[in-house]
Structure formats: C-alpha cells, structure tokens
>>> print(open('target.txt').read())   # compact mmCIF, N, CA and C atoms
# COMPACT_ATOMS: atom_id res chain seq x y z
N MET A 1 108.62 -116.32 36.16
CA MET A 1 107.74 -117.34 36.67
C MET A 1 106.93 -116.76 37.83
N ALA A 2 105.68 -117.01 37.84
CA ALA A 2 104.78 -116.45 38.85
C ALA A 2 104.96 -117.21 40.15
N GLU A 3 104.98 -116.48 41.25
CA GLU A 3 105.07 -117.08 42.57
C GLU A 3 103.73 -117.64 42.97
N LYS A 4 103.75 -118.83 43.52
CA LYS A 4 102.50 -119.42 44.00
C LYS A 4 102.52 -119.38 45.51
N HIS A 5 101.45 -119.03 46.09
CA HIS A 5 101.36 -118.87 47.52
C HIS A 5 100.65 -120.06 48.14
N VAL A 6 100.78 -120.15 49.43
CA VAL A 6 100.16 -121.23 50.18
C VAL A 6 98.65 -121.04 50.18
N LEU A 7 97.95 -122.09 49.82
CA LEU A 7 96.50 -122.04 49.86
C LEU A 7 96.05 -122.50 51.24
N THR A 8 95.28 -121.70 51.87
CA THR A 8 94.79 -122.07 53.19
C THR A 8 93.27 -121.97 53.21
N THR A 9 92.73 -122.83 53.97
CA THR A 9 91.29 -122.74 54.22
C THR A 9 91.13 -122.66 55.72
N GLU A 10 90.03 -122.21 56.15
CA GLU A 10 89.84 -122.03 57.58
C GLU A 10 89.85 -123.37 58.31
N GLY A 11 90.74 -123.44 59.35
CA GLY A 11 90.78 -124.62 60.19
C GLY A 11 91.59 -125.78 59.62
N GLU A 12 92.07 -125.68 58.41
CA GLU A 12 92.84 -126.78 57.82
C GLU A 12 94.31 -126.38 57.77
N THR A 13 95.18 -127.38 57.68
CA THR A 13 96.59 -127.11 57.53
C THR A 13 96.85 -126.64 56.11
N PRO A 14 97.88 -125.82 55.91
CA PRO A 14 98.12 -125.30 54.57
C PRO A 14 98.58 -126.41 53.62
N THR A 15 98.15 -126.33 52.39
CA THR A 15 98.60 -127.26 51.36
C THR A 15 99.29 -126.44 50.30
N TYR A 16 100.35 -126.98 49.78
CA TYR A 16 101.14 -126.26 48.79
C TYR A 16 100.66 -126.64 47.40
N ALA A 17 100.45 -125.63 46.58
CA ALA A 17 99.90 -125.86 45.25
C ALA A 17 100.95 -126.38 44.28
N ASP A 18 102.26 -126.04 44.53
CA ASP A 18 103.28 -126.40 43.56
C ASP A 18 104.40 -127.19 44.24
N TRP A 19 104.17 -128.45 44.53
CA TRP A 19 105.17 -129.30 45.19
C TRP A 19 106.45 -129.47 44.36
N PRO A 20 106.40 -129.66 43.06
CA PRO A 20 107.64 -129.80 42.29
C PRO A 20 108.58 -128.60 42.43
N THR A 21 108.04 -127.40 42.50
CA THR A 21 108.87 -126.21 42.66
C THR A 21 109.54 -126.20 44.03
N LEU A 22 108.79 -126.57 45.07
CA LEU A 22 109.36 -126.62 46.41
C LEU A 22 110.46 -127.67 46.51
N ILE A 23 110.24 -128.83 45.91
CA ILE A 23 111.26 -129.89 45.91
C ILE A 23 112.49 -129.43 45.14
N GLU A 24 112.28 -128.75 44.03
CA GLU A 24 113.40 -128.23 43.24
C GLU A 24 114.22 -127.24 44.05
N ARG A 25 113.56 -126.35 44.77
CA ARG A 25 114.27 -125.38 45.60
C ARG A 25 115.05 -126.07 46.72
N ALA A 26 114.41 -127.05 47.35
CA ALA A 26 115.09 -127.78 48.41
C ALA A 26 116.33 -128.50 47.88
N MET A 27 116.20 -129.14 46.73
CA MET A 27 117.34 -129.84 46.13
C MET A 27 118.44 -128.85 45.74
N ASP A 28 118.04 -127.68 45.24
CA ASP A 28 119.01 -126.65 44.88
C ASP A 28 119.76 -126.17 46.12
N ASP A 29 119.03 -125.95 47.21
CA ASP A 29 119.67 -125.53 48.46
C ASP A 29 120.64 -126.59 48.97
N VAL A 30 120.20 -127.84 48.96
CA VAL A 30 121.07 -128.93 49.42
C VAL A 30 122.31 -129.02 48.55
N SER A 31 122.16 -128.92 47.23
CA SER A 31 123.32 -129.02 46.35
C SER A 31 124.28 -127.86 46.56
N ARG A 32 123.76 -126.65 46.83
CA ARG A 32 124.64 -125.52 47.12
C ARG A 32 125.39 -125.72 48.42
N ILE A 33 124.72 -126.26 49.43
CA ILE A 33 125.38 -126.54 50.71
C ILE A 33 126.47 -127.59 50.53
N VAL A 34 126.18 -128.65 49.79
CA VAL A 34 127.17 -129.70 49.55
C VAL A 34 128.37 -129.13 48.78
N ARG A 35 128.12 -128.33 47.75
CA ARG A 35 129.21 -127.72 46.98
C ARG A 35 130.08 -126.84 47.87
N SER A 36 129.45 -126.07 48.76
CA SER A 36 130.21 -125.21 49.67
C SER A 36 131.07 -126.04 50.62
N GLU A 37 130.50 -127.09 51.16
CA GLU A 37 131.25 -127.95 52.08
C GLU A 37 132.42 -128.63 51.37
N VAL A 38 132.22 -129.08 50.14
CA VAL A 38 133.30 -129.70 49.37
C VAL A 38 134.39 -128.69 49.09
N HIS A 39 134.01 -127.46 48.78
CA HIS A 39 135.00 -126.41 48.53
C HIS A 39 135.81 -126.12 49.79
N ILE A 40 135.15 -126.04 50.93
CA ILE A 40 135.85 -125.81 52.20
C ILE A 40 136.78 -126.97 52.51
N LEU A 41 136.31 -128.20 52.32
CA LEU A 41 137.14 -129.38 52.56
C LEU A 41 138.35 -129.39 51.63
N GLN A 42 138.14 -129.06 50.37
CA GLN A 42 139.24 -129.04 49.40
C GLN A 42 140.28 -127.98 49.79
N ALA A 43 139.85 -126.83 50.23
CA ALA A 43 140.78 -125.78 50.63
C ALA A 43 141.58 -126.21 51.86
N GLY A 44 140.90 -126.85 52.81
CA GLY A 44 141.59 -127.32 54.02
C GLY A 44 142.60 -128.41 53.72
N ILE A 45 142.22 -129.34 52.88
CA ILE A 45 143.13 -130.44 52.52
C ILE A 45 144.32 -129.90 51.74
N GLY A 46 144.07 -128.95 50.84
CA GLY A 46 145.16 -128.37 50.06
C GLY A 46 146.19 -127.68 50.94
N ALA A 47 145.73 -126.92 51.92
CA ALA A 47 146.65 -126.23 52.83
C ALA A 47 147.42 -127.22 53.68
N THR A 48 146.74 -128.26 54.17
CA THR A 48 147.40 -129.27 54.99
C THR A 48 148.43 -130.04 54.17
N LEU A 49 148.07 -130.41 52.96
CA LEU A 49 148.99 -131.14 52.10
C LEU A 49 150.21 -130.29 51.77
N GLU A 50 150.01 -129.02 51.50
CA GLU A 50 151.13 -128.13 51.20
C GLU A 50 152.07 -128.02 52.40
N ALA A 51 151.52 -127.92 53.59
CA ALA A 51 152.34 -127.83 54.79
C ALA A 51 153.13 -129.12 55.01
N GLN A 52 152.49 -130.28 54.77
CA GLN A 52 153.18 -131.56 54.95
C GLN A 52 154.31 -131.73 53.94
N VAL A 53 154.08 -131.33 52.70
CA VAL A 53 155.14 -131.44 51.68
C VAL A 53 156.30 -130.53 52.04
N SER A 54 156.00 -129.32 52.49
CA SER A 54 157.05 -128.39 52.89
C SER A 54 157.85 -128.95 54.06
N ASN A 55 157.15 -129.55 55.02
CA ASN A 55 157.81 -130.15 56.18
C ASN A 55 158.69 -131.32 55.75
N ALA A 56 158.21 -132.15 54.84
CA ALA A 56 158.99 -133.30 54.37
C ALA A 56 160.24 -132.85 53.62
N VAL A 57 160.13 -131.81 52.80
CA VAL A 57 161.29 -131.30 52.07
C VAL A 57 162.33 -130.76 53.05
N ALA A 58 161.88 -130.06 54.08
CA ALA A 58 162.82 -129.54 55.07
C ALA A 58 163.54 -130.67 55.80
N HIS A 59 162.80 -131.71 56.19
CA HIS A 59 163.43 -132.84 56.88
C HIS A 59 164.41 -133.58 55.96
N LEU A 60 164.04 -133.76 54.70
CA LEU A 60 164.96 -134.43 53.77
C LEU A 60 166.22 -133.60 53.54
N THR A 61 166.09 -132.29 53.49
CA THR A 61 167.26 -131.43 53.34
C THR A 61 168.18 -131.55 54.55
N ILE A 62 167.60 -131.55 55.74
CA ILE A 62 168.40 -131.70 56.96
C ILE A 62 169.08 -133.06 56.99
N ALA A 63 168.36 -134.12 56.62
CA ALA A 63 168.95 -135.45 56.59
C ALA A 63 170.09 -135.52 55.58
N ASP A 64 169.93 -134.86 54.44
CA ASP A 64 170.99 -134.83 53.43
C ASP A 64 172.23 -134.12 53.97
N LEU A 65 172.04 -133.01 54.68
CA LEU A 65 173.18 -132.30 55.26
C LEU A 65 173.88 -133.14 56.32
N ILE A 66 173.12 -133.85 57.12
CA ILE A 66 173.71 -134.70 58.15
C ILE A 66 174.53 -135.82 57.52
N ILE A 67 173.99 -136.45 56.49
CA ILE A 67 174.70 -137.54 55.81
C ILE A 67 175.97 -137.01 55.15
N SER A 68 175.87 -135.85 54.50
CA SER A 68 177.05 -135.27 53.86
C SER A 68 178.13 -134.94 54.89
N GLY A 69 177.74 -134.38 56.02
CA GLY A 69 178.69 -134.08 57.08
C GLY A 69 179.34 -135.34 57.64
N ALA A 70 178.54 -136.39 57.81
CA ALA A 70 179.09 -137.65 58.33
C ALA A 70 180.09 -138.25 57.35
N ILE A 71 179.80 -138.15 56.06
CA ILE A 71 180.74 -138.68 55.05
C ILE A 71 182.04 -137.89 55.09
N CYS A 72 181.95 -136.56 55.21
CA CYS A 72 183.16 -135.74 55.29
C CYS A 72 183.99 -136.08 56.53
N ILE A 73 183.33 -136.26 57.66
CA ILE A 73 184.06 -136.62 58.88
C ILE A 73 184.71 -137.99 58.73
N LEU A 74 184.02 -138.94 58.11
CA LEU A 74 184.58 -140.27 57.89
C LEU A 74 185.81 -140.19 56.97
N CYS A 75 185.72 -139.40 55.91
CA CYS A 75 186.88 -139.24 55.02
C CYS A 75 188.05 -138.59 55.74
N ALA A 76 187.77 -137.59 56.57
CA ALA A 76 188.83 -136.93 57.33
C ALA A 76 189.48 -137.93 58.31
N PHE A 77 188.69 -138.79 58.92
CA PHE A 77 189.21 -139.80 59.83
C PHE A 77 190.11 -140.79 59.09
N ILE A 78 189.69 -141.18 57.90
CA ILE A 78 190.51 -142.10 57.10
C ILE A 78 191.83 -141.44 56.69
N LEU A 79 191.75 -140.18 56.27
CA LEU A 79 192.98 -139.48 55.90
C LEU A 79 193.90 -139.29 57.09
N LEU A 80 193.35 -139.05 58.27
CA LEU A 80 194.16 -138.94 59.48
C LEU A 80 194.84 -140.27 59.79
N LEU A 81 194.10 -141.36 59.69
CA LEU A 81 194.71 -142.67 59.95
C LEU A 81 195.78 -143.01 58.91
N HIS A 82 195.61 -142.51 57.68
CA HIS A 82 196.58 -142.80 56.63
C HIS A 82 197.93 -142.12 56.90
N GLN A 83 197.96 -141.16 57.80
CA GLN A 83 199.24 -140.54 58.17
C GLN A 83 200.17 -141.58 58.79
N TRP A 84 199.60 -142.58 59.49
CA TRP A 84 200.42 -143.56 60.19
C TRP A 84 200.25 -144.97 59.65
N LEU A 85 199.18 -145.25 58.92
CA LEU A 85 198.88 -146.61 58.46
C LEU A 85 198.69 -146.63 56.94
N PRO A 86 198.82 -147.81 56.31
CA PRO A 86 198.50 -147.92 54.89
C PRO A 86 196.99 -147.70 54.67
N TRP A 87 196.62 -147.44 53.42
CA TRP A 87 195.22 -147.14 53.09
C TRP A 87 194.28 -148.25 53.54
N TRP A 88 194.60 -149.50 53.28
CA TRP A 88 193.68 -150.58 53.58
C TRP A 88 193.41 -150.67 55.07
N GLN A 89 194.44 -150.41 55.89
CA GLN A 89 194.22 -150.44 57.34
C GLN A 89 193.38 -149.24 57.80
N ALA A 90 193.61 -148.08 57.19
CA ALA A 90 192.84 -146.89 57.55
C ALA A 90 191.36 -147.09 57.22
N PHE A 91 191.09 -147.64 56.01
CA PHE A 91 189.69 -147.91 55.64
C PHE A 91 189.08 -148.99 56.52
N GLY A 92 189.85 -150.02 56.87
CA GLY A 92 189.34 -151.09 57.72
C GLY A 92 188.96 -150.58 59.11
N ILE A 93 189.83 -149.77 59.69
CA ILE A 93 189.53 -149.22 61.02
C ILE A 93 188.31 -148.29 60.95
N ALA A 94 188.25 -147.46 59.92
CA ALA A 94 187.11 -146.57 59.78
C ALA A 94 185.81 -147.36 59.59
N GLY A 95 185.86 -148.46 58.83
CA GLY A 95 184.67 -149.29 58.63
C GLY A 95 184.22 -149.94 59.93
N VAL A 96 185.18 -150.46 60.70
CA VAL A 96 184.83 -151.10 61.98
C VAL A 96 184.23 -150.08 62.93
N VAL A 97 184.83 -148.90 63.01
CA VAL A 97 184.30 -147.85 63.90
C VAL A 97 182.89 -147.44 63.46
N THR A 98 182.68 -147.33 62.15
CA THR A 98 181.36 -146.96 61.64
C THR A 98 180.32 -148.02 61.99
N LEU A 99 180.67 -149.29 61.82
CA LEU A 99 179.73 -150.36 62.18
C LEU A 99 179.42 -150.38 63.67
N VAL A 100 180.44 -150.18 64.51
CA VAL A 100 180.20 -150.16 65.96
C VAL A 100 179.26 -149.00 66.31
N VAL A 101 179.49 -147.83 65.72
CA VAL A 101 178.62 -146.69 66.00
C VAL A 101 177.19 -146.98 65.53
N ALA A 102 177.04 -147.63 64.38
CA ALA A 102 175.71 -147.96 63.87
C ALA A 102 174.99 -148.94 64.79
N PHE A 103 175.68 -149.98 65.25
CA PHE A 103 175.06 -150.96 66.14
C PHE A 103 174.69 -150.34 67.49
N VAL A 104 175.56 -149.52 68.01
CA VAL A 104 175.26 -148.87 69.30
C VAL A 104 174.08 -147.91 69.15
N SER A 105 174.07 -147.16 68.05
CA SER A 105 172.94 -146.24 67.82
C SER A 105 171.63 -146.99 67.66
N ASN A 106 171.67 -148.11 66.93
CA ASN A 106 170.47 -148.92 66.74
C ASN A 106 169.96 -149.47 68.07
N ALA A 107 170.88 -149.95 68.90
CA ALA A 107 170.49 -150.49 70.21
C ALA A 107 169.94 -149.39 71.11
N ALA A 108 170.50 -148.19 71.02
CA ALA A 108 170.04 -147.09 71.86
C ALA A 108 168.66 -146.59 71.43
N MET A 109 168.32 -146.72 70.16
CA MET A 109 167.04 -146.22 69.67
C MET A 109 165.89 -147.20 69.84
N ARG A 110 166.18 -148.45 70.13
CA ARG A 110 165.11 -149.42 70.34
C ARG A 110 164.37 -149.13 71.64
N PRO A 111 163.06 -149.33 71.63
CA PRO A 111 162.32 -149.13 72.89
C PRO A 111 162.66 -150.27 73.85
N PRO A 112 162.61 -149.98 75.13
CA PRO A 112 162.92 -151.04 76.09
C PRO A 112 161.86 -152.14 76.04
N PRO A 113 162.26 -153.37 76.31
CA PRO A 113 161.26 -154.46 76.28
C PRO A 113 160.26 -154.28 77.41
N THR A 114 159.02 -154.61 77.12
CA THR A 114 157.97 -154.47 78.12
C THR A 114 157.66 -155.84 78.71
N LEU A 115 157.31 -155.83 79.96
CA LEU A 115 156.93 -157.07 80.62
C LEU A 115 155.46 -157.33 80.38
N ARG A 116 155.15 -158.55 79.99
CA ARG A 116 153.75 -158.92 79.84
C ARG A 116 153.20 -159.26 81.21
N SER A 117 151.91 -159.19 81.35
CA SER A 117 151.30 -159.47 82.66
C SER A 117 151.54 -160.92 83.06
N LYS A 118 151.63 -161.84 82.10
CA LYS A 118 151.89 -163.24 82.42
C LYS A 118 153.28 -163.39 83.04
N ASP A 119 154.27 -162.65 82.48
CA ASP A 119 155.63 -162.71 83.02
C ASP A 119 155.68 -162.20 84.45
N VAL A 120 154.93 -161.17 84.78
CA VAL A 120 154.93 -160.60 86.11
C VAL A 120 154.29 -161.58 87.09
N ASN A 121 153.20 -162.23 86.68
CA ASN A 121 152.52 -163.16 87.56
C ASN A 121 153.32 -164.44 87.77
N ASP A 122 154.05 -164.90 86.76
CA ASP A 122 154.82 -166.13 86.89
C ASP A 122 156.07 -165.94 87.72
N ASN A 123 156.71 -164.80 87.61
CA ASN A 123 157.96 -164.57 88.29
C ASN A 123 157.95 -163.20 88.94
N PRO A 124 157.43 -163.08 90.13
CA PRO A 124 157.32 -161.76 90.76
C PRO A 124 158.66 -161.15 91.10
N SER A 125 159.74 -161.92 91.15
CA SER A 125 161.04 -161.36 91.49
C SER A 125 161.61 -160.50 90.38
N ARG A 126 161.07 -160.61 89.13
CA ARG A 126 161.58 -159.83 88.01
C ARG A 126 161.08 -158.39 88.05
N VAL A 127 160.08 -158.10 88.85
CA VAL A 127 159.49 -156.76 88.89
C VAL A 127 160.30 -155.85 89.67
>>> encode(input="target.txt", output="structure tokens")
Amino acid sequence: MAEKHVLTTEGETPTYADWPTLIERAMDDVSRIVRSEVHILQAGIGATLEAQVSNAVAHLTIADLIISGAICILCAFILLLHQWLPWWQAFGIAGVVTLVVAFVSNAAMRPPPTLRSKDVNDNPSRV
C-alpha cells in the first residue's frame, strides 16, 4: 500500500488526504494498548490468586493439625480419667471441661464493648 503524505499549502494548516487510514491506525494502536493492559492485569491477578490459594491451603492444613492434636489430647484426658472413674463420668467431665474452655475462649476473643458518645455525655462517671 502506498504511503500518503500530508498535503500542505503555504500558510494553511496541513490536511490529511487519507483520514480512514489514520483512524484505522489509531484504532489499531488503541486496541494493542488495551490488549497489553488486559494481559498485564491477567498476569497480576493470576499471581495474586495463586498466592491466596496457597496461603489458604497452608492455613487449612495448620487448622487441621491443631484440631487433630486437640482431639488426641481430649482422648488422652478421657483415658486418664477412666483410670479412676467409669467411662460415662470420664466423658462427662471431659465434655464439661471442653465447653468451659470454648466459652472462655469465645469471651476472650470478643472485642471489648465501645462506649457511644451518647453514653459518655449522659453518664460522665462511666468514663
């Protein structure tokens, strides 16, 4: 395809003889830029997603090990209690201890209650 050059006349601004070709080139450039940006975004998201999945698998594995260890300790506690008590009493004591530990852990993990500004203004002695 023959290249067309800018037609100029003295004192006038240049006019382009082939506007459709220029528009086509501009659209081609824009589409290449968009494709490149999408490719970069896809690569970044893929790496981030892979890291998050790897992190989640590691956390789930650790949680599984913790749960397995807790079950083993609970079974050992029940067997120890069975040395002196019948099975039903050993399981009952282990269940009560487990529930108490769960409730205490839940209470310890809750965030402390916050005072609202209305509470502070109504009762300054609570501050």
>>> axis_aligned_box(input="target.txt", around="range 85-91 of chain A", padding_each_side="8 Å", output="JSON")
{"center_x": 194.1, "center_y": -148.0, "center_z": 56.0, "size_x": 26.1, "size_y": 21.4, "size_z": 21.8}
>>> atom_distance(input="target.txt", atom1="atom N of Ala102 in chain A", atom2="CA of Ala76 in chain A")
17.4 Å
>>> atom_distance(input="target.txt", atom1="CA of Phe103 in chain A", atom2="CA of Phe77 in chain A")
19.1 Å
